[in-house]
Structures are given as C-alpha cells and as structure tokens.
$ cat entry_21.csv   # CSV, C-alpha atoms and all ligand atoms
chain,number,residue,atom,x,y,z
A,82,PRO,CA,0.0,0.0,0.0
A,83,ARG,CA,1.2,3.5,-0.8
A,84,PRO,CA,1.3,6.1,2.0
A,85,ILE,CA,-0.1,9.7,1.8
A,86,LEU,CA,1.8,12.0,4.1
A,87,LEU,CA,-0.2,15.1,5.1
A,88,THR,CA,1.5,18.0,6.9
A,89,ARG,CA,0.9,21.7,7.5
A,90,HIS,CA,3.6,24.1,6.5
A,91,GLY,CA,6.2,25.0,9.2
A,92,GLU,CA,5.2,27.8,11.6
A,93,SER,CA,5.0,31.1,9.7
A,94,HIS,CA,5.5,34.7,11.0
A,95,ASP,CA,1.7,35.1,10.8
A,96,ASN,CA,1.1,32.0,12.9
A,97,LEU,CA,3.2,33.7,15.5
A,98,ARG,CA,1.2,36.9,15.4
A,99,GLY,CA,-2.2,35.0,15.1
A,100,ARG,CA,-3.0,36.5,11.7
A,101,ILE,CA,-4.9,34.5,9.2
A,102,GLY,CA,-4.2,34.3,5.5
A,103,GLY,CA,-1.5,36.3,3.8
A,104,ASP,CA,1.6,34.9,2.2
A,105,PRO,CA,4.2,35.0,5.0
A,106,ILE,CA,7.5,33.2,5.2
A,107,LEU,CA,8.6,30.7,7.9
A,108,SER,CA,9.6,31.6,11.4
A,109,ASP,CA,12.8,30.1,12.8
A,110,ALA,CA,10.8,27.2,14.2
A,111,GLY,CA,9.1,26.7,10.9
A,112,GLU,CA,12.5,26.7,9.1
A,113,LYS,CA,13.7,24.0,11.6
A,114,TYR,CA,10.6,21.9,10.8
A,115,ALA,CA,11.4,22.1,7.1
A,116,LEU,CA,14.8,20.5,7.8
A,117,LYS,CA,13.3,17.9,10.0
A,118,LEU,CA,10.6,17.1,7.5
A,119,ALA,CA,13.2,16.6,4.7
A,120,ASP,CA,15.1,14.2,6.9
A,121,PHE,CA,11.9,12.3,7.8
A,122,VAL,CA,10.8,12.1,4.2
A,123,ASN,CA,14.2,10.9,3.0
A,124,LYS,CA,14.2,8.1,5.5
A,125,ARG,CA,10.5,7.2,5.1
A,126,LEU,CA,10.6,7.1,1.3
A,127,LYS,CA,14.1,5.8,0.9
A,128,THR,CA,12.9,2.4,-0.4
A,129,GLU,CA,10.3,3.9,-2.7
A,130,ARG,CA,11.1,4.1,-6.5
A,131,THR,CA,9.1,7.3,-6.9
A,132,ALA,CA,7.2,9.7,-4.9
A,133,SER,CA,6.0,13.3,-5.3
A,134,ILE,CA,5.8,16.4,-3.1
A,135,TRP,CA,2.6,18.5,-3.5
A,136,THR,CA,2.4,22.0,-2.1
A,137,SER,CA,0.1,25.0,-2.4
A,138,THR,CA,1.2,28.1,-4.3
A,139,LEU,CA,1.9,29.9,-1.1
A,140,GLN,CA,5.4,30.6,0.1
A,141,ARG,CA,5.1,28.9,3.5
A,142,THR,CA,4.4,25.5,1.9
A,143,ILE,CA,7.0,25.9,-0.8
A,144,LEU,CA,9.6,26.9,1.8
A,145,THR,CA,8.6,23.9,3.9
A,146,ALA,CA,9.3,21.6,1.0
A,147,HIS,CA,12.6,23.4,0.1
A,148,HIS,CA,15.0,20.9,1.7
A,149,ILE,CA,13.3,17.8,0.3
A,150,VAL,CA,15.4,16.8,-2.8
A,151,GLY,CA,15.2,14.1,-5.3
A,152,PHE,CA,11.4,14.0,-5.8
A,153,PRO,CA,9.3,16.0,-8.2
A,154,LYS,CA,7.3,18.9,-6.7
A,155,VAL,CA,3.9,20.0,-7.8
A,156,GLN,CA,2.2,23.3,-6.8
A,157,TRP,CA,-1.6,23.2,-6.6
A,158,ARG,CA,-3.7,26.4,-6.3
A,159,ALA,CA,-6.4,24.1,-5.1
A,160,LEU,CA,-4.3,23.4,-2.0
A,161,ASP,CA,-4.1,27.1,-1.0
A,162,GLU,CA,-5.5,28.1,2.4
A,163,ILE,CA,-9.1,29.0,2.8
A,164,ASN,CA,-9.6,32.5,1.3
A,165,ALA,CA,-10.6,34.7,4.2
A,166,GLY,CA,-11.7,37.5,1.8
A,167,VAL,CA,-12.0,40.9,3.5
A,168,CYS,CA,-10.6,39.3,6.7
A,169,ASP,CA,-7.3,38.2,5.1
A,170,GLY,CA,-4.5,39.5,7.3
A,171,MET,CA,-6.6,40.1,10.4
A,172,THR,CA,-6.4,38.4,13.7
A,173,TYR,CA,-9.5,36.7,15.2
A,174,ASP,CA,-9.6,39.4,17.8
A,175,GLU,CA,-9.7,42.1,15.2
A,176,ILE,CA,-12.5,40.3,13.3
A,177,LYS,CA,-14.5,40.0,16.6
A,178,GLU,CA,-13.9,43.7,17.3
A,179,ASN,CA,-14.4,45.2,13.9
A,180,MET,CA,-16.9,42.8,12.3
A,181,PRO,CA,-18.8,41.3,15.2
A,182,ASP,CA,-21.7,40.0,13.0
A,183,GLU,CA,-19.3,38.2,10.7
A,184,TYR,CA,-17.5,36.7,13.7
A,185,ALA,CA,-20.8,35.5,15.2
A,186,ALA,CA,-22.1,34.1,11.9
A,187,ARG,CA,-18.9,32.0,11.5
A,188,LYS,CA,-19.1,30.8,15.0
A,189,LEU,CA,-22.7,29.7,14.4
A,190,ASP,CA,-22.0,27.7,11.2
A,191,LYS,CA,-18.3,27.4,10.5
A,192,LEU,CA,-18.9,24.8,7.8
A,193,ARG,CA,-21.2,27.0,5.6
A,194,TYR,CA,-20.0,30.5,6.6
A,195,ARG,CA,-18.4,32.2,3.7
A,196,TYR,CA,-16.0,35.1,4.4
A,197,PRO,CA,-17.1,38.2,2.4
A,198,ARG,CA,-15.3,38.0,-0.9
A,199,GLY,CA,-13.7,34.8,0.3
A,200,GLU,CA,-14.6,31.1,0.9
A,201,SER,CA,-16.4,28.8,3.2
A,202,TYR,CA,-15.2,25.3,4.2
A,203,LEU,CA,-17.8,23.9,1.8
A,204,ASP,CA,-16.1,25.9,-1.0
A,205,VAL,CA,-12.7,24.5,0.0
A,206,ILE,CA,-14.1,21.0,0.0
A,207,GLN,CA,-15.5,21.5,-3.5
A,208,ARG,CA,-12.3,22.9,-4.9
A,209,LEU,CA,-10.3,20.0,-3.5
A,210,GLU,CA,-12.1,17.5,-5.6
A,211,PRO,CA,-9.5,17.4,-8.4
A,212,VAL,CA,-6.8,17.0,-5.9
A,213,ILE,CA,-8.5,14.1,-4.3
A,214,ILE,CA,-9.1,12.4,-7.6
A,215,GLU,CA,-5.5,12.8,-8.5
A,216,LEU,CA,-4.4,11.5,-5.0
A,217,GLU,CA,-6.5,8.4,-5.5
A,218,ARG,CA,-5.0,7.8,-8.9
A,219,GLN,CA,-1.3,8.0,-7.7
A,220,ARG,CA,0.5,4.7,-7.5
A,221,SER,CA,3.4,6.0,-5.5
A,222,PRO,CA,3.6,7.9,-2.2
A,223,VAL,CA,2.6,11.6,-2.1
A,224,VAL,CA,3.7,14.2,0.5
A,225,VAL,CA,1.0,16.9,0.7
A,226,ILE,CA,2.3,20.1,2.4
A,227,ALA,CA,-0.6,22.4,2.8
A,228,HIS,CA,-2.7,24.4,5.3
A,229,GLN,CA,-5.0,23.8,8.2
A,230,ALA,CA,-8.4,24.3,6.6
A,231,VAL,CA,-7.4,22.4,3.5
A,232,LEU,CA,-5.9,19.5,5.5
A,233,ARG,CA,-9.0,19.3,7.6
A,234,ALA,CA,-11.0,18.7,4.5
A,235,LEU,CA,-8.5,16.2,3.0
A,236,TYR,CA,-8.1,14.3,6.2
A,237,ALA,CA,-11.9,14.1,6.7
A,238,TYR,CA,-12.2,12.6,3.3
A,239,PHE,CA,-9.7,9.8,3.9
A,240,ALA,CA,-10.6,9.2,7.5
A,241,ASP,CA,-14.3,9.3,6.6
A,242,LYS,CA,-15.3,12.0,9.1
A,243,PRO,CA,-18.7,13.6,8.8
A,244,LEU,CA,-18.9,17.0,7.0
A,245,LYS,CA,-20.0,18.9,10.1
A,246,GLU,CA,-16.8,17.9,11.9
A,247,VAL,CA,-14.5,19.2,9.2
A,248,PRO,CA,-13.9,22.8,10.5
A,249,HIS,CA,-13.1,21.5,13.9
A,250,ILE,CA,-10.6,18.7,13.2
A,251,GLU,CA,-7.3,19.2,14.9
A,252,VAL,CA,-4.3,19.3,12.5
A,253,PRO,CA,-1.4,20.4,14.6
A,254,LEU,CA,1.7,22.1,13.3
A,255,HIS,CA,4.9,20.2,12.9
A,256,THR,CA,3.2,16.9,12.8
A,257,ILE,CA,3.0,14.4,9.9
A,258,ILE,CA,-0.2,12.4,9.5
A,259,GLU,CA,0.5,9.3,7.5
A,260,ILE,CA,-2.5,7.6,5.8
A,261,GLN,CA,-2.2,4.2,4.3
A,262,MET,CA,-4.9,2.9,2.1
A,263,GLY,CA,-4.9,-0.8,2.0
A,264,VAL,CA,-7.3,-3.6,1.2
A,265,THR,CA,-8.5,-3.7,4.8
A,266,GLY,CA,-9.3,0.0,4.9
A,267,VAL,CA,-7.5,3.2,6.0
A,268,GLN,CA,-4.7,3.2,8.6
A,269,GLU,CA,-3.3,6.3,10.2
A,270,LYS,CA,0.0,7.1,12.0
A,271,ARG,CA,1.1,10.4,13.4
A,272,TYR,CA,4.6,11.7,13.8
A,273,LYS,CA,5.2,14.8,15.9
A,274,LEU,CA,8.6,16.0,14.7
A,275,MET,CA,8.8,19.0,17.1
A,276,GLU,CA,6.7,21.2,19.4
A,301,LIG,O1,-6.0,30.7,8.4
A,301,LIG,C1,-6.9,29.9,8.5
A,301,LIG,C2,-6.8,28.8,9.4
A,301,LIG,O2,-5.9,27.8,9.1
A,301,LIG,C3,-8.2,28.1,9.4
A,301,LIG,O3,-8.6,28.1,10.7
A,301,LIG,O4,-10.9,27.8,10.0
A,301,LIG,O5,-10.2,27.4,12.4
A,301,LIG,O6,-10.3,29.7,11.4
A,301,LIG,P1,-10.1,28.3,11.2

$ encode --input "entry_21.csv" --output "structure tokens" --more "lines below"
Ligand code: G3H
Amino acid sequence: PRPILLTRHGESHDNLRGRIGGDPILSDAGEKYALKLADFVNKRLKTERTASIWTSTLQRTILTAHHIVGFPKVQWRALDEINAGVCDGMTYDEIKENMPDEYAARKLDKLRYRYPRGESYLDVIQRLEPVIIELERQRSPVVVIAHQAVLRALYAYFADKPLKEVPHIEVPLHTIIEIQMGVTGVQEKRYKLME
C-alpha cells in the first residue's frame, strides 16, 4: 500500500502573530521543521522508487518543501489556504472587534460560513475534488504540504469523518499524518517532529 503523508507548513510569521491568510515566510521554528521534514521524508521514502511532493502556491508550503530533494514537486492552487476575503491579514480578535456580525455568523455555522469575498469550508471541500481524484490515482507515495483548513478537508475525506466535523478537526503544526490505504481500509499514523 502506498502512503499519503499530510502536513501543514512549518510555523509562519503570521502564525506567531495570530494572523490569518496572507503569504508569509517561515519563522525560525518553521524553518527548523522544514529541515526535520526533509530528513523524515528521505528516511521514510528511501525504499520507494518514486514519490511526489505537493504544495500549495503559497510561500510557506513551498519553503517547507525546500529541503526535500530528489522528488518532483507540484504546486496546486487548489491546496491554497481557505480564502478569508476581506478578513485576510486580520487576527481573530480584530475580526471580533471590527466585524462582530461576521464573527458571530462564522461561530454559528463554521462549515457554511463564507468570508465576504472569500470562501467557506464547503467551498474549500469542493475545490479540493480534483486534488482528491489525483491523489486516489497515484500509485506512488505523495507528501502533501498544505494548510490547516485544506488539510482538515483532505483528512476528513480519507478518515471518513462527517462534514459537520471538518472545520473542527485538529491538524497540529509540525506533525505528519500518514495515511495508508490498504485492502482492509485506512490506517493512520502520526509523527510529531517537534513542538
Ligand atoms: O487561516 C486559516 C486557518 O488555518 C483556518 O482556521 O478555519 O479554524 O479559522 P479556522
């Protein structure tokens, strides 16, 4: 069976400041994770003839893949983080303060709530469809380096979680979720490479 390795990008400067969206680079800790991830991937996929590394088009995932060498890399716009529209670049406290109705609406129905001029989780799930089809077709391992909202949706698909849980699934930073699809179903392992 071929594994699919899912991971968020290393910690970014915006993660540190609690800002959503944007296109930030990695913090020192995030940069350290990129090195650890490359080491892990090299060991884990050493015996594989081929494998590919998929990222979003955002810097923080591309930089996280930077030290992984010897495998083809593919950038997918469909793996970009949920588009927070007018809230892009804000902190949750700023949204709560300046746009209390939006904040409340999202809290009430995080799955369906669509950021003004942005996306909802349902939108993200829909745009991931081609990625999922391609993942299912792959015969060799794939490392997917993406973002929290996107990985919640991908993980939910493979782990067969109900839609309503998607926006609340925990996908911690600096952790690899390995999914194996075998004849007996889906198996999962987690590797926490650092805090
Ligand atoms: O920047 C967006 C976050 O990764 C998604 O988090 O949907 O829990 O606000 P949230």

$ closest_residue --input "entry_21.csv" --among "A:Pro222, A:Pro248, A:Gly151, A:Pro243" --to "ligand LIG 301 (chain A)" --atoms "all atoms listed in the file"
A:Pro248

$ residues_near_ligand --input "entry_21.csv" --ligand "ligand LIG 301 (chain A)" --cutoff "7 Å" --atoms "all atoms listed in the file" --output "PyMOL selection string"
chain A and resi 101-102+162-163+228-230+248-249

$ closest_residue --input "entry_21.csv" --among "A:Asn123, A:Thr88, A:Gln207, A:Thr138" --to "A:Lys154" --atoms "all atoms listed in the file"
A:Thr138

$ closest_residue --input "entry_21.csv" --among "A:Lys273, A:Arg198, A:His255, A:Lys242" --to "A:Ala110" --atoms "all atoms listed in the file"
A:His255

$ residues_near_point --input "entry_21.csv" --point "(6.7, 26.3, 9.7)" --cutoff "12 Å" --atoms "all atoms listed in the file" --output "VMD selection string"
chain A and resid 88 to 97 105 to 118 140 to 147 226 to 228 253 to 256 274 to 276

$ atom_distance --input "entry_21.csv" --atom1 "atom CA of A:Gly166" --atom2 "atom CA of A:Ile134"
27.8 Å

$ residues_around --input "entry_21.csv" --residues "A:Leu126" --least-positions-apart "2" --cutoff "12 Å" --atoms "all atoms listed in the file" --output "PDB file with C-alpha atoms, in the frame of the given file"
ATOM      1  CA  ARG A  83       1.200   3.500  -0.800  1.00  0.00           C
ATOM      2  CA  PRO A  84       1.300   6.100   2.000  1.00  0.00           C
ATOM      3  CA  ILE A  85      -0.100   9.700   1.800  1.00  0.00           C
ATOM      4  CA  LEU A  86       1.800  12.000   4.100  1.00  0.00           C
ATOM      5  CA  LEU A 118      10.600  17.100   7.500  1.00  0.00           C
ATOM      6  CA  ALA A 119      13.200  16.600   4.700  1.00  0.00           C
ATOM      7  CA  ASP A 120      15.100  14.200   6.900  1.00  0.00           C
ATOM      8  CA  PHE A 121      11.900  12.300   7.800  1.00  0.00           C
ATOM      9  CA  VAL A 122      10.800  12.100   4.200  1.00  0.00           C
ATOM     10  CA  ASN A 123      14.200  10.900   3.000  1.00  0.00           C
ATOM     11  CA  LYS A 124      14.200   8.100   5.500  1.00  0.00           C
ATOM     12  CA  THR A 128      12.900   2.400  -0.400  1.00  0.00           C
ATOM     13  CA  GLU A 129      10.300   3.900  -2.700  1.00  0.00           C
ATOM     14  CA  ARG A 130      11.100   4.100  -6.500  1.00  0.00           C
ATOM     15  CA  THR A 131       9.100   7.300  -6.900  1.00  0.00           C
ATOM     16  CA  ALA A 132       7.200   9.700  -4.900  1.00  0.00           C
ATOM     17  CA  SER A 133       6.000  13.300  -5.300  1.00  0.00           C
ATOM     18  CA  ILE A 134       5.800  16.400  -3.100  1.00  0.00           C
ATOM     19  CA  ILE A 149      13.300  17.800   0.300  1.00  0.00           C
ATOM     20  CA  VAL A 150      15.400  16.800  -2.800  1.00  0.00           C
ATOM     21  CA  GLY A 151      15.200  14.100  -5.300  1.00  0.00           C
ATOM     22  CA  PHE A 152      11.400  14.000  -5.800  1.00  0.00           C
ATOM     23  CA  SER A 221       3.400   6.000  -5.500  1.00  0.00           C
ATOM     24  CA  PRO A 222       3.600   7.900  -2.200  1.00  0.00           C
ATOM     25  CA  VAL A 223       2.600  11.600  -2.100  1.00  0.00           C
ATOM     26  CA  VAL A 224       3.700  14.200   0.500  1.00  0.00           C
TER      27      VAL A 224
END

$ closest_residue --input "entry_21.csv" --among "A:Asp169, A:Glu217, A:Gln156, A:Tyr238" --to "A:Gly263" --atoms "all atoms listed in the file"
A:Glu217

$ closest_residue --input "entry_21.csv" --among "A:Tyr236, A:Arg98, A:Glu183, A:Tyr202" --to "A:Val252" --atoms "all atoms listed in the file"
A:Tyr236

$ residues_around --input "entry_21.csv" --residues "A:Val167" --least-positions-apart "4" --cutoff "8 Å" --atoms "all atoms listed in the file" --output "short mmCIF file (atom, residue, chain, number, x, y, z; two decimals) with C-alpha atoms, in the frame of the given file"
data_model
loop_
_atom_site.label_atom_id
_atom_site.label_comp_id
_atom_site.auth_asym_id
_atom_site.auth_seq_id
_atom_site.Cartn_x
_atom_site.Cartn_y
_atom_site.Cartn_z
CA TYR A 196 -16.00 35.10 4.40
CA PRO A 197 -17.10 38.20 2.40
CA ARG A 198 -15.30 38.00 -0.90
CA GLY A 199 -13.70 34.80 0.30
#

$ atom_distance --input "entry_21.csv" --atom1 "atom CA of A:Asp190" --atom2 "atom CA of A:Met171"
19.8 Å

$ atom_distance --input "entry_21.csv" --atom1 "atom CA of A:Val231" --atom2 "atom CA of A:Val205"
6.7 Å

$ decode --input "entry_21.csv" --residues "stretch 83-127 of chain A" --atoms "N, CA and C atoms" --output "JSON list (two decimals), in the first residue's frame"
[["chain", "number", "residue", "atom", "x", "y", "z"],
["A", 83, "ARG", "N", 0.38, 2.28, -0.66],
["A", 83, "ARG", "CA", 1.19, 3.50, -0.76],
["A", 83, "ARG", "C", 0.71, 4.52, 0.27],
["A", 84, "PRO", "N", 1.66, 5.14, 0.95],
["A", 84, "PRO", "CA", 1.25, 6.12, 1.96],
["A", 84, "PRO", "C", 0.99, 7.51, 1.37],
["A", 85, "ILE", "N", 0.11, 8.23, 2.02],
["A", 85, "ILE", "CA", -0.07, 9.66, 1.76],
["A", 85, "ILE", "C", 0.35, 10.36, 3.04],
["A", 86, "LEU", "N", 1.31, 11.27, 2.93],
["A", 86, "LEU", "CA", 1.77, 11.99, 4.11],
["A", 86, "LEU", "C", 1.20, 13.41, 4.07],
["A", 87, "LEU", "N", 0.45, 13.75, 5.08],
["A", 87, "LEU", "CA", -0.16, 15.09, 5.14],
["A", 87, "LEU", "C", 0.55, 15.92, 6.20],
["A", 88, "THR", "N", 0.91, 17.14, 5.85],
["A", 88, "THR", "CA", 1.46, 18.03, 6.88],
["A", 88, "THR", "C", 1.13, 19.49, 6.57],
["A", 89, "ARG", "N", 0.97, 20.24, 7.63],
["A", 89, "ARG", "CA", 0.88, 21.70, 7.46],
["A", 89, "ARG", "C", 2.28, 22.23, 7.18],
["A", 90, "HIS", "N", 2.36, 23.42, 6.64],
["A", 90, "HIS", "CA", 3.62, 24.13, 6.51],
["A", 90, "HIS", "C", 4.23, 24.37, 7.90],
["A", 91, "GLY", "N", 5.53, 24.60, 7.95],
["A", 91, "GLY", "CA", 6.16, 24.98, 9.21],
["A", 91, "GLY", "C", 5.57, 26.31, 9.70],
["A", 92, "GLU", "N", 5.72, 26.54, 10.98],
["A", 92, "GLU", "CA", 5.20, 27.78, 11.57],
["A", 92, "GLU", "C", 5.64, 29.01, 10.75],
["A", 93, "SER", "N", 4.67, 29.90, 10.51],
["A", 93, "SER", "CA", 4.99, 31.11, 9.75],
["A", 93, "SER", "C", 5.02, 32.32, 10.69],
["A", 94, "HIS", "N", 5.47, 33.44, 10.15],
["A", 94, "HIS", "CA", 5.48, 34.66, 10.96],
["A", 94, "HIS", "C", 4.06, 35.08, 11.33],
["A", 95, "ASP", "N", 3.09, 34.78, 10.47],
["A", 95, "ASP", "CA", 1.71, 35.13, 10.80],
["A", 95, "ASP", "C", 1.11, 34.20, 11.84],
["A", 96, "ASN", "N", 1.52, 32.92, 11.84],
["A", 96, "ASN", "CA", 1.08, 32.01, 12.91],
["A", 96, "ASN", "C", 1.50, 32.60, 14.25],
["A", 97, "LEU", "N", 2.71, 33.13, 14.30],
["A", 97, "LEU", "CA", 3.24, 33.69, 15.54],
["A", 97, "LEU", "C", 2.40, 34.89, 16.00],
["A", 98, "ARG", "N", 1.94, 35.69, 15.03],
["A", 98, "ARG", "CA", 1.17, 36.89, 15.38],
["A", 98, "ARG", "C", -0.32, 36.61, 15.43],
["A", 99, "GLY", "N", -0.74, 35.38, 15.12],
["A", 99, "GLY", "CA", -2.16, 35.04, 15.14],
["A", 99, "GLY", "C", -2.95, 35.63, 13.98],
["A", 100, "ARG", "N", -2.26, 35.94, 12.89],
["A", 100, "ARG", "CA", -2.96, 36.50, 11.72],
["A", 100, "ARG", "C", -3.33, 35.38, 10.76],
["A", 101, "ILE", "N", -4.51, 35.54, 10.11],
["A", 101, "ILE", "CA", -4.93, 34.52, 9.15],
["A", 101, "ILE", "C", -4.60, 34.99, 7.73],
["A", 102, "GLY", "N", -4.46, 34.01, 6.86],
["A", 102, "GLY", "CA", -4.24, 34.31, 5.45],
["A", 102, "GLY", "C", -2.86, 34.85, 5.16],
["A", 103, "GLY", "N", -2.78, 35.72, 4.15],
["A", 103, "GLY", "CA", -1.52, 36.31, 3.76],
["A", 103, "GLY", "C", -0.60, 35.30, 3.08],
["A", 104, "ASP", "N", 0.62, 35.76, 2.82],
["A", 104, "ASP", "CA", 1.59, 34.87, 2.17],
["A", 104, "ASP", "C", 2.94, 35.02, 2.87],
["A", 105, "PRO", "N", 2.95, 34.72, 4.18],
["A", 105, "PRO", "CA", 4.17, 34.95, 4.96],
["A", 105, "PRO", "C", 5.24, 33.88, 4.74],
["A", 106, "ILE", "N", 6.46, 34.18, 5.17],
["A", 106, "ILE", "CA", 7.52, 33.19, 5.15],
["A", 106, "ILE", "C", 7.56, 32.48, 6.51],
["A", 107, "LEU", "N", 8.50, 31.55, 6.66],
["A", 107, "LEU", "CA", 8.56, 30.74, 7.87],
["A", 107, "LEU", "C", 9.28, 31.46, 9.00],
["A", 108, "SER", "N", 8.88, 31.15, 10.24],
["A", 108, "SER", "CA", 9.62, 31.60, 11.42],
["A", 108, "SER", "C", 10.85, 30.70, 11.57],
["A", 109, "ASP", "N", 11.68, 30.97, 12.55],
["A", 109, "ASP", "CA", 12.85, 30.10, 12.79],
["A", 109, "ASP", "C", 12.41, 28.67, 13.09],
["A", 110, "ALA", "N", 11.35, 28.55, 13.89],
["A", 110, "ALA", "CA", 10.83, 27.21, 14.21],
["A", 110, "ALA", "C", 10.31, 26.52, 12.95],
["A", 111, "GLY", "N", 9.64, 27.29, 12.11],
["A", 111, "GLY", "CA", 9.11, 26.73, 10.86],
["A", 111, "GLY", "C", 10.22, 26.25, 9.94],
["A", 112, "GLU", "N", 11.29, 27.02, 9.93],
["A", 112, "GLU", "CA", 12.46, 26.68, 9.11],
["A", 112, "GLU", "C", 13.10, 25.38, 9.65],
["A", 113, "LYS", "N", 13.11, 25.25, 10.95],
["A", 113, "LYS", "CA", 13.66, 24.04, 11.57],
["A", 113, "LYS", "C", 12.81, 22.82, 11.19],
["A", 114, "TYR", "N", 11.49, 23.04, 11.17],
["A", 114, "TYR", "CA", 10.60, 21.94, 10.78],
["A", 114, "TYR", "C", 10.86, 21.50, 9.34],
["A", 115, "ALA", "N", 11.13, 22.47, 8.47],
["A", 115, "ALA", "CA", 11.40, 22.14, 7.06],
["A", 115, "ALA", "C", 12.60, 21.19, 6.96],
["A", 116, "LEU", "N", 13.60, 21.41, 7.78],
["A", 116, "LEU", "CA", 14.77, 20.54, 7.79],
["A", 116, "LEU", "C", 14.42, 19.15, 8.33],
["A", 117, "LYS", "N", 13.67, 19.14, 9.43],
["A", 117, "LYS", "CA", 13.28, 17.85, 10.03],
["A", 117, "LYS", "C", 12.38, 17.05, 9.09],
["A", 118, "LEU", "N", 11.51, 17.77, 8.42],
["A", 118, "LEU", "CA", 10.59, 17.10, 7.49],
["A", 118, "LEU", "C", 11.37, 16.45, 6.35],
["A", 119, "ALA", "N", 12.37, 17.17, 5.82],
["A", 119, "ALA", "CA", 13.18, 16.62, 4.72],
["A", 119, "ALA", "C", 13.88, 15.34, 5.17],
["A", 120, "ASP", "N", 14.40, 15.38, 6.38],
["A", 120, "ASP", "CA", 15.09, 14.23, 6.94],
["A", 120, "ASP", "C", 14.12, 13.05, 7.08],
["A", 121, "PHE", "N", 12.94, 13.33, 7.59],
["A", 121, "PHE", "CA", 11.91, 12.30, 7.77],
["A", 121, "PHE", "C", 11.51, 11.70, 6.42],
["A", 122, "VAL", "N", 11.25, 12.56, 5.46],
["A", 122, "VAL", "CA", 10.78, 12.11, 4.15],
["A", 122, "VAL", "C", 11.86, 11.25, 3.48],
["A", 123, "ASN", "N", 13.12, 11.69, 3.57],
["A", 123, "ASN", "CA", 14.21, 10.91, 2.98],
["A", 123, "ASN", "C", 14.28, 9.51, 3.56],
["A", 124, "LYS", "N", 14.12, 9.41, 4.88],
["A", 124, "LYS", "CA", 14.18, 8.09, 5.51],
["A", 124, "LYS", "C", 12.94, 7.27, 5.19],
["A", 125, "ARG", "N", 11.80, 7.92, 5.29],
["A", 125, "ARG", "CA", 10.53, 7.20, 5.12],
["A", 125, "ARG", "C", 10.34, 6.69, 3.68],
["A", 126, "LEU", "N", 10.83, 7.49, 2.72],
["A", 126, "LEU", "CA", 10.58, 7.13, 1.32],
["A", 126, "LEU", "C", 11.82, 6.57, 0.61],
["A", 127, "LYS", "N", 12.82, 6.26, 1.42],
["A", 127, "LYS", "CA", 14.10, 5.78, 0.88],
["A", 127, "LYS", "C", 13.93, 4.57, -0.04]]
